[in-house]
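Peer 1: Input structure: work_20.pdb, which contains PDB, C-alpha atoms.
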```
ATOM      1  CA  MET R   1      22.060 399.732  75.182
ATOM      2  CA  ALA R   2      24.324 398.976  72.211
ATOM      3  CA  PRO R   3      24.297 402.571  70.886
ATOM      4  CA  ILE R   4      25.071 403.882  74.356
ATOM      5  CA  VAL R   5      27.985 401.506  74.742
ATOM      6  CA  ASP R   6      29.261 402.453  71.306
ATOM      7  CA  GLY R   7      29.041 406.132  72.162
ATOM      8  CA  LEU R   8      30.890 405.703  75.439
ATOM      9  CA  ALA R   9      33.533 403.575  73.727
ATOM     10  CA  LYS R  10      34.061 406.384  71.258
ATOM     11  CA  ASN R  11      34.323 408.969  74.009
ATOM     12  CA  TYR R  12      36.852 406.900  75.963
ATOM     13  CA  LYS R  13      38.758 405.634  72.981
ATOM     14  CA  GLY R  14      42.371 404.884  73.853
ATOM     15  CA  LYS R  15      41.510 404.680  77.553
ATOM     16  CA  VAL R  16      38.898 401.956  77.774
ATOM     17  CA  GLU R  17      38.532 399.145  75.296
ATOM     18  CA  VAL R  18      35.314 397.276  74.634
ATOM     19  CA  ASN R  19      35.211 393.523  74.169
ATOM     20  CA  LYS R  20      31.822 392.305  73.025
ATOM     21  CA  VAL R  21      31.116 388.687  73.798
ATOM     22  CA  ASN R  22      28.194 386.960  72.122
ATOM     23  CA  LEU R  23      27.019 384.250  74.491
ATOM     24  CA  SER R  24      24.858 382.747  71.771
ATOM     25  CA  ASN R  25      28.014 381.520  70.074
ATOM     26  CA  ASP R  26      30.019 380.550  73.125
ATOM     27  CA  SER R  27      28.587 380.223  76.618
ATOM     28  CA  GLY R  28      31.945 379.396  78.166
ATOM     29  CA  PRO R  29      32.713 382.982  79.238
ATOM     30  CA  ALA R  30      29.329 383.143  80.971
ATOM     31  CA  GLY R  31      30.448 380.443  83.343
ATOM     32  CA  LEU R  32      33.800 382.093  83.845
ATOM     33  CA  PHE R  33      32.291 385.468  84.719
ATOM     34  CA  GLY R  34      29.176 384.084  86.379
ATOM     35  CA  VAL R  35      26.850 385.770  83.938
ATOM     36  CA  ASN R  36      23.236 384.889  84.589
ATOM     37  CA  ALA R  37      21.526 387.644  82.619
ATOM     38  CA  VAL R  38      22.117 389.910  79.677
ATOM     39  CA  PRO R  39      23.141 392.551  79.260
ATOM     40  CA  THR R  40      25.978 392.195  81.735
ATOM     41  CA  TYR R  41      28.939 394.545  81.769
ATOM     42  CA  VAL R  42      32.184 393.587  83.461
ATOM     43  CA  PHE R  43      34.986 396.105  83.661
ATOM     44  CA  LEU R  44      38.495 394.703  83.848
ATOM     45  CA  ASP R  45      41.668 396.591  84.614
ATOM     46  CA  ALA R  46      44.741 396.174  82.455
ATOM     47  CA  THR R  47      45.778 393.023  84.295
ATOM     48  CA  GLY R  48      42.401 391.327  84.177
ATOM     49  CA  ASN R  49      41.043 392.112  87.617
ATOM     50  CA  VAL R  50      37.349 392.875  87.872
ATOM     51  CA  ILE R  51      36.879 396.500  88.896
ATOM     52  CA  ASP R  52      33.171 396.873  88.241
ATOM     53  CA  ARG R  53      30.187 394.851  87.234
ATOM     54  CA  GLN R  54      26.695 395.784  86.132
ATOM     55  CA  GLU R  55      23.656 393.831  85.089
ATOM     56  CA  GLY R  56      20.877 395.403  83.059
ATOM     57  CA  GLY R  57      20.758 398.628  81.149
ATOM     58  CA  ASN R  58      21.620 401.683  83.223
ATOM     59  CA  PRO R  59      23.271 404.321  81.032
ATOM     60  CA  SER R  60      24.287 406.656  83.848
ATOM     61  CA  ALA R  61      25.827 403.830  85.882
ATOM     62  CA  LEU R  62      27.619 402.619  82.772
ATOM     63  CA  GLN R  63      29.004 406.086  82.161
ATOM     64  CA  GLN R  64      30.281 406.262  85.743
ATOM     65  CA  ALA R  65      31.913 402.884  85.306
ATOM     66  CA  PHE R  66      33.662 404.062  82.126
ATOM     67  CA  LYS R  67      34.926 407.083  83.990
ATOM     68  CA  LYS R  68      36.155 404.940  86.876
ATOM     69  CA  ALA R  69      37.851 402.445  84.553
ATOM     70  CA  SER R  70      39.626 405.180  82.651
ATOM     71  CA  GLY R  71      41.082 406.517  85.871
ATOM     72  CA  GLY R  72      39.268 409.747  85.539
TER
ATOM     73  CA  MET Z  73     -42.832 307.043 127.726
ATOM     74  CA  ALA Z  74     -43.058 306.347 123.988
ATOM     75  CA  SER Z  75     -42.745 308.913 121.285
ATOM     76  CA  THR Z  76     -42.845 309.041 117.474
ATOM     77  CA  CYS Z  77     -40.204 309.969 115.014
ATOM     78  CA  GLU Z  78     -40.572 313.468 113.734
ATOM     79  CA  TRP Z  79     -39.598 312.383 110.207
ATOM     80  CA  CYS Z  80     -41.273 309.027 109.608
ATOM     81  CA  GLY Z  81     -43.884 308.866 112.328
ATOM     82  CA  ALA Z  82     -42.660 305.472 113.565
ATOM     83  CA  LEU Z  83     -43.057 304.654 117.151
ATOM     84  CA  ILE Z  84     -39.873 304.910 119.035
ATOM     85  CA  GLN Z  85     -39.432 302.333 121.699
ATOM     86  CA  GLY Z  86     -37.659 302.949 124.870
ATOM     87  CA  GLN Z  87     -37.250 305.697 127.323
ATOM     88  CA  ALA Z  88     -37.349 309.080 125.744
ATOM     89  CA  GLN Z  89     -34.966 311.614 127.095
ATOM     90  CA  PRO Z  90     -36.838 313.772 129.529
ATOM     91  CA  PRO Z  91     -36.842 317.459 128.924
ATOM     92  CA  TYR Z  92     -34.135 319.318 130.636
ATOM     93  CA  PRO Z  93     -33.634 322.949 131.395
ATOM     94  CA  ALA Z  94     -31.272 325.073 129.408
ATOM     95  CA  ARG Z  95     -27.794 325.077 130.725
ATOM     96  CA  GLN Z  96     -26.890 328.302 132.335
ATOM     97  CA  ILE Z  97     -23.619 329.832 131.294
ATOM     98  CA  PRO Z  98     -22.161 331.562 134.305
ATOM     99  CA  ALA Z  99     -21.543 335.213 133.707
ATOM    100  CA  GLN Z 100     -17.937 336.144 133.698
ATOM    101  CA  GLN Z 101     -17.152 338.174 136.714
ATOM    102  CA  GLY Z 102     -14.106 339.707 138.273
ATOM    103  CA  PHE Z 103     -10.746 340.281 136.743
ATOM    104  CA  PRO Z 104      -9.118 338.149 134.121
ATOM    105  CA  PRO Z 105      -6.529 335.719 135.298
ATOM    106  CA  ALA Z 106      -3.064 337.038 135.794
ATOM    107  CA  GLN Z 107      -0.804 336.693 132.820
ATOM    108  CA  TYR Z 108       2.391 338.466 133.695
ATOM    109  CA  GLY Z 109       2.860 337.999 137.334
ATOM    110  CA  SER Z 110       1.024 337.656 140.529
ATOM    111  CA  ALA Z 111       0.391 341.145 141.750
ATOM    112  CA  PRO Z 112      -1.970 341.190 144.719
ATOM    113  CA  PRO Z 113      -5.479 342.453 144.173
ATOM    114  CA  PRO Z 114      -6.068 346.077 144.990
ATOM    115  CA  GLY Z 115      -7.066 346.836 148.478
ATOM    116  CA  GLY Z 116     -10.567 347.993 149.117
ATOM    117  CA  GLY Z 117     -11.550 351.377 150.305
ATOM    118  CA  THR Z 118     -12.418 351.930 153.918
ATOM    119  CA  PRO Z 119     -14.955 354.332 155.263
ATOM    120  CA  PRO Z 120     -13.971 356.859 157.900
ATOM    121  CA  ALA Z 121     -14.269 355.904 161.497
ATOM    122  CA  PRO Z 122     -17.671 356.624 163.051
ATOM    123  CA  GLY Z 123     -17.864 360.070 164.576
ATOM    124  CA  THR Z 124     -14.972 361.468 162.593
ATOM    125  CA  SER Z 125     -14.904 363.691 159.576
ATOM    126  CA  GLY Z 126     -12.183 361.790 157.851
ATOM    127  CA  ALA Z 127     -12.386 360.930 154.241
ATOM    128  CA  PHE Z 128     -12.822 357.602 152.699
ATOM    129  CA  THR Z 129      -9.687 355.744 151.961
ATOM    130  CA  ALA Z 130      -9.438 355.204 148.255
ATOM    131  CA  PRO Z 131      -9.107 351.648 147.115
ATOM    132  CA  GLY Z 132      -5.965 350.497 145.447
ATOM    133  CA  ASP Z 133      -5.425 351.048 141.812
ATOM    134  CA  ALA Z 134      -6.727 348.099 139.927
ATOM    135  CA  SER Z 135      -5.780 349.351 136.517
ATOM    136  CA  ASN Z 136      -2.915 346.947 136.208
ATOM    137  CA  TYR Z 137      -4.320 344.188 138.286
ATOM    138  CA  GLY Z 138      -3.245 340.871 136.931
ATOM    139  CA  LEU Z 139      -0.418 342.354 134.948
ATOM    140  CA  GLY Z 140       1.959 343.040 137.764
ATOM    141  CA  GLN Z 141       4.460 345.819 137.888
ATOM    142  CA  PRO Z 142       6.701 346.211 134.845
ATOM    143  CA  ALA Z 143      10.089 344.849 135.522
ATOM    144  CA  PRO Z 144      12.722 347.553 135.958
ATOM    145  CA  PRO Z 145      15.570 347.507 133.448
ATOM    146  CA  SER Z 146      18.244 345.304 134.753
ATOM    147  CA  GLY Z 147      21.813 344.688 133.782
ATOM    148  CA  ARG Z 148      24.086 347.061 131.942
ATOM    149  CA  PRO Z 149      22.563 349.882 129.929
ATOM    150  CA  PRO Z 150      22.965 349.663 126.169
ATOM    151  CA  SER Z 151      26.423 350.341 124.824
ATOM    152  CA  ASN Z 152      25.122 352.862 122.297
ATOM    153  CA  PRO Z 153      27.257 356.009 122.693
ATOM    154  CA  TRP Z 154      24.252 358.184 121.838
ATOM    155  CA  TYR Z 155      22.843 357.040 125.138
ATOM    156  CA  TYR Z 156      25.528 358.684 127.221
ATOM    157  CA  SER Z 157      26.840 361.870 125.644
ATOM    158  CA  PRO Z 158      25.634 364.771 123.488
ATOM    159  CA  LEU Z 159      28.963 364.668 121.681
ATOM    160  CA  PRO Z 160      27.707 362.531 118.795
ATOM    161  CA  TYR Z 161      24.840 364.963 118.320
ATOM    162  CA  LEU Z 162      27.250 367.878 118.242
ATOM    163  CA  ILE Z 163      29.458 366.090 115.722
ATOM    164  CA  ALA Z 164      26.447 365.378 113.542
ATOM    165  CA  VAL Z 165      25.342 369.025 113.669
ATOM    166  CA  VAL Z 166      28.836 370.249 112.807
ATOM    167  CA  LEU Z 167      29.058 367.853 109.886
ATOM    168  CA  VAL Z 168      25.699 368.958 108.525
ATOM    169  CA  LEU Z 169      26.641 372.628 108.844
ATOM    170  CA  ALA Z 170      29.971 371.991 107.151
ATOM    171  CA  ILE Z 171      28.275 370.253 104.242
ATOM    172  CA  ILE Z 172      25.739 373.055 103.850
ATOM    173  CA  GLY Z 173      28.458 375.684 104.044
ATOM    174  CA  GLY Z 174      30.527 373.877 101.458
ATOM    175  CA  VAL Z 175      27.627 373.688  99.073
ATOM    176  CA  VAL Z 176      26.882 377.395  99.498
ATOM    177  CA  VAL Z 177      30.508 378.400  98.999
ATOM    178  CA  MET Z 178      30.914 376.219  95.938
ATOM    179  CA  SER Z 179      27.717 377.551  94.412
ATOM    180  CA  LYS Z 180      28.804 381.185  94.850
ATOM    181  CA  ARG Z 181      32.391 380.716  93.891
ATOM    182  CA  THR Z 182      33.225 382.043  90.464
ATOM    183  CA  PRO Z 183      35.812 380.041  88.616
ATOM    184  CA  THR Z 184      38.910 381.971  87.579
ATOM    185  CA  VAL Z 185      39.536 379.684  84.632
ATOM    186  CA  SER Z 186      36.831 378.583  82.238
ATOM    187  CA  GLN Z 187      36.425 375.079  80.928
ATOM    188  CA  THR Z 188      38.209 376.168  77.772
ATOM    189  CA  GLY Z 189      41.152 377.494  79.761
ATOM    190  CA  GLN Z 190      40.259 381.151  79.411
ATOM    191  CA  THR Z 191      40.972 383.599  82.204
ATOM    192  CA  PHE Z 192      39.834 387.133  82.895
ATOM    193  CA  ALA Z 193      43.085 388.450  81.488
ATOM    194  CA  ASP Z 194      42.269 386.868  78.132
ATOM    195  CA  PHE Z 195      39.415 389.349  77.758
ATOM    196  CA  VAL Z 196      41.620 392.393  78.212
ATOM    197  CA  VAL Z 197      42.114 394.228  74.918
ATOM    198  CA  ASN Z 198      45.377 395.968  74.068
ATOM    199  CA  GLY Z 199      46.522 395.863  77.692
ATOM    200  CA  LYS Z 200      44.047 398.550  78.652
ATOM    201  CA  PRO Z 201      41.024 398.635  80.950
ATOM    202  CA  THR Z 202      38.340 396.771  79.114
ATOM    203  CA  LEU Z 203      34.598 396.617  79.242
ATOM    204  CA  VAL Z 204      33.415 393.085  78.553
ATOM    205  CA  ASP Z 205      29.945 393.403  77.097
ATOM    206  CA  PHE Z 206      28.005 390.159  77.300
ATOM    207  CA  TYR Z 207      25.039 389.906  75.002
ATOM    208  CA  THR Z 208      22.996 387.407  73.053
ATOM    209  CA  ASP Z 209      21.422 387.463  69.629
ATOM    210  CA  THR Z 210      17.894 387.239  70.993
TER
END
```
Represent the structure from my file as structure tokens, please.
Peer 2:
Amino acid sequence: MAPIVDGLAKNYKGKVEVNKVNLSNDSGPAGLFGVNAVPTYVFLDATGNVIDRQEGGNPSALQQAFKKASGG
Amino acid sequence: MASTCEWCGALIQGQAQPPYPARQIPAQQGFPPAQYGSAPPPGGGTPPAPGTSGAFTAPGDASNYGLGQPAPPSGRPPSNPWYYSPLPYLIAVVLVLAIIGGVVVMSKRTPTVSQTGQTFADFVVNGKPTLVDFYTDT
């Protein structure tokens, strides 16, 4: 899924940022976001509210979420 | 009547005990003696009157003969509140449901601040909508 995420990040550059969190180094965010599996994608708006959440690799759903997060 | 000793063969002087019959042990009959009261024995059955088609009158119940009737509870009933009202049961049920509900809510609740003090807003990059991509090395 990493190449897909990178491609979408490039397409939505300037509209949607990507923050990659490695849970192997720090599991604290997993508790904060309630992450039980990887990959997990959480979309936040500019103020930090959760607007979408996906677990597992689903490229089309991820693309829709990028579109939704960008306001388009 | 003289007799000899079975062991040494010596003559035993004097009157030997005459043989006697075995003592009969009377067979135990009837009901055991009363232990818990003095209930009367059960009445016997009576046949129908001659010339009638009536049924026999059943004898009294002898199942508890000698034991007497159990004494009815006397005095004040116990002061246990569970004895009187379903209210304690309802309170117990409500408490159990409240505990279960609390456990479920706490287990599903997502903390808004991590143990390190981080919040969701800390993961926003450049003040723009952000995808937080959680992954592991493995």
Peer 1: For chain R, report every residue with an atom at most 7 Å from chain Z (counting only C-alpha atoms), formatted as a ChimeraX atom specification.
Peer 2: /R:15-24,28-29,31-34,38-49,69-70
Peer 1: Write the selection just made, keeping C-alpha atoms, as a compact mmCIF listing (two decimals), in the frame of the given file?
Peer 2:
```
# COMPACT_ATOMS: atom_id res chain seq x y z
CA LYS R 15 41.51 404.68 77.55
CA VAL R 16 38.90 401.96 77.77
CA GLU R 17 38.53 399.14 75.30
CA VAL R 18 35.31 397.28 74.63
CA ASN R 19 35.21 393.52 74.17
CA LYS R 20 31.82 392.30 73.03
CA VAL R 21 31.12 388.69 73.80
CA ASN R 22 28.19 386.96 72.12
CA LEU R 23 27.02 384.25 74.49
CA SER R 24 24.86 382.75 71.77
CA GLY R 28 31.94 379.40 78.17
CA PRO R 29 32.71 382.98 79.24
CA GLY R 31 30.45 380.44 83.34
CA LEU R 32 33.80 382.09 83.84
CA PHE R 33 32.29 385.47 84.72
CA GLY R 34 29.18 384.08 86.38
CA VAL R 38 22.12 389.91 79.68
CA PRO R 39 23.14 392.55 79.26
CA THR R 40 25.98 392.20 81.74
CA TYR R 41 28.94 394.54 81.77
CA VAL R 42 32.18 393.59 83.46
CA PHE R 43 34.99 396.10 83.66
CA LEU R 44 38.49 394.70 83.85
CA ASP R 45 41.67 396.59 84.61
CA ALA R 46 44.74 396.17 82.46
CA THR R 47 45.78 393.02 84.30
CA GLY R 48 42.40 391.33 84.18
CA ASN R 49 41.04 392.11 87.62
CA ALA R 69 37.85 402.44 84.55
CA SER R 70 39.63 405.18 82.65
```
Peer 1: In Å, rounded to a single decimal, give me how far CA of Phe66 (chain R) is from CA of Leu8 (chain R).
Peer 2: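 For CA of Leu8 (chain R) relative to CA of Phe66 (chain R), the distance reads 7.4 Å.
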Peer 1: Where's the centre, and what are the edge lengths in Å to one decimal, of a box along x, y and z enclosing all listed atoms of region 24-35 of chain R padded 3 Å per side, as AutoDock Vina command-line options?
Peer 2:
```
--center_x 29.3 --center_y 382.6 --center_z 78.2 --size_x 14.9 --size_y 12.4 --size_z 22.3
```
Peer 1: In Å, how far is it from CA of Val176 (chain Z) to CA of Ala164 (chain Z)?
Peer 2: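 Computing it gives 18.5 Å between the two atoms.
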Peer 1: Considering all atoms listed in the file, can you say which of R:Tyr12, R:Val35, R:Asp6, R:Val50 comes closest to Gln64 (chain R)?
Peer 2: R:Tyr12
Peer 1: Run the PyMOL selection byres ((chain R and resi 5) around 9) against the file shown and list the residues it catches, as a list of chain:residue names.
Peer 2: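 Those residues are R:Met1, R:Ala2, R:Pro3, R:Ile4, R:Asp6, R:Gly7, R:Leu8, R:Ala9, R:Lys10, R:Val18, R:Pro59, R:Leu62, R:Gln63, Z:Asp205.
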Peer 1: Would you work out the distance separating CA of Glu55 (chain R) from CA of Ala30 (chain R), expressed in Å to one decimal?
Peer 2: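 CA of Glu55 (chain R) sits 12.8 Å away from CA of Ala30 (chain R).
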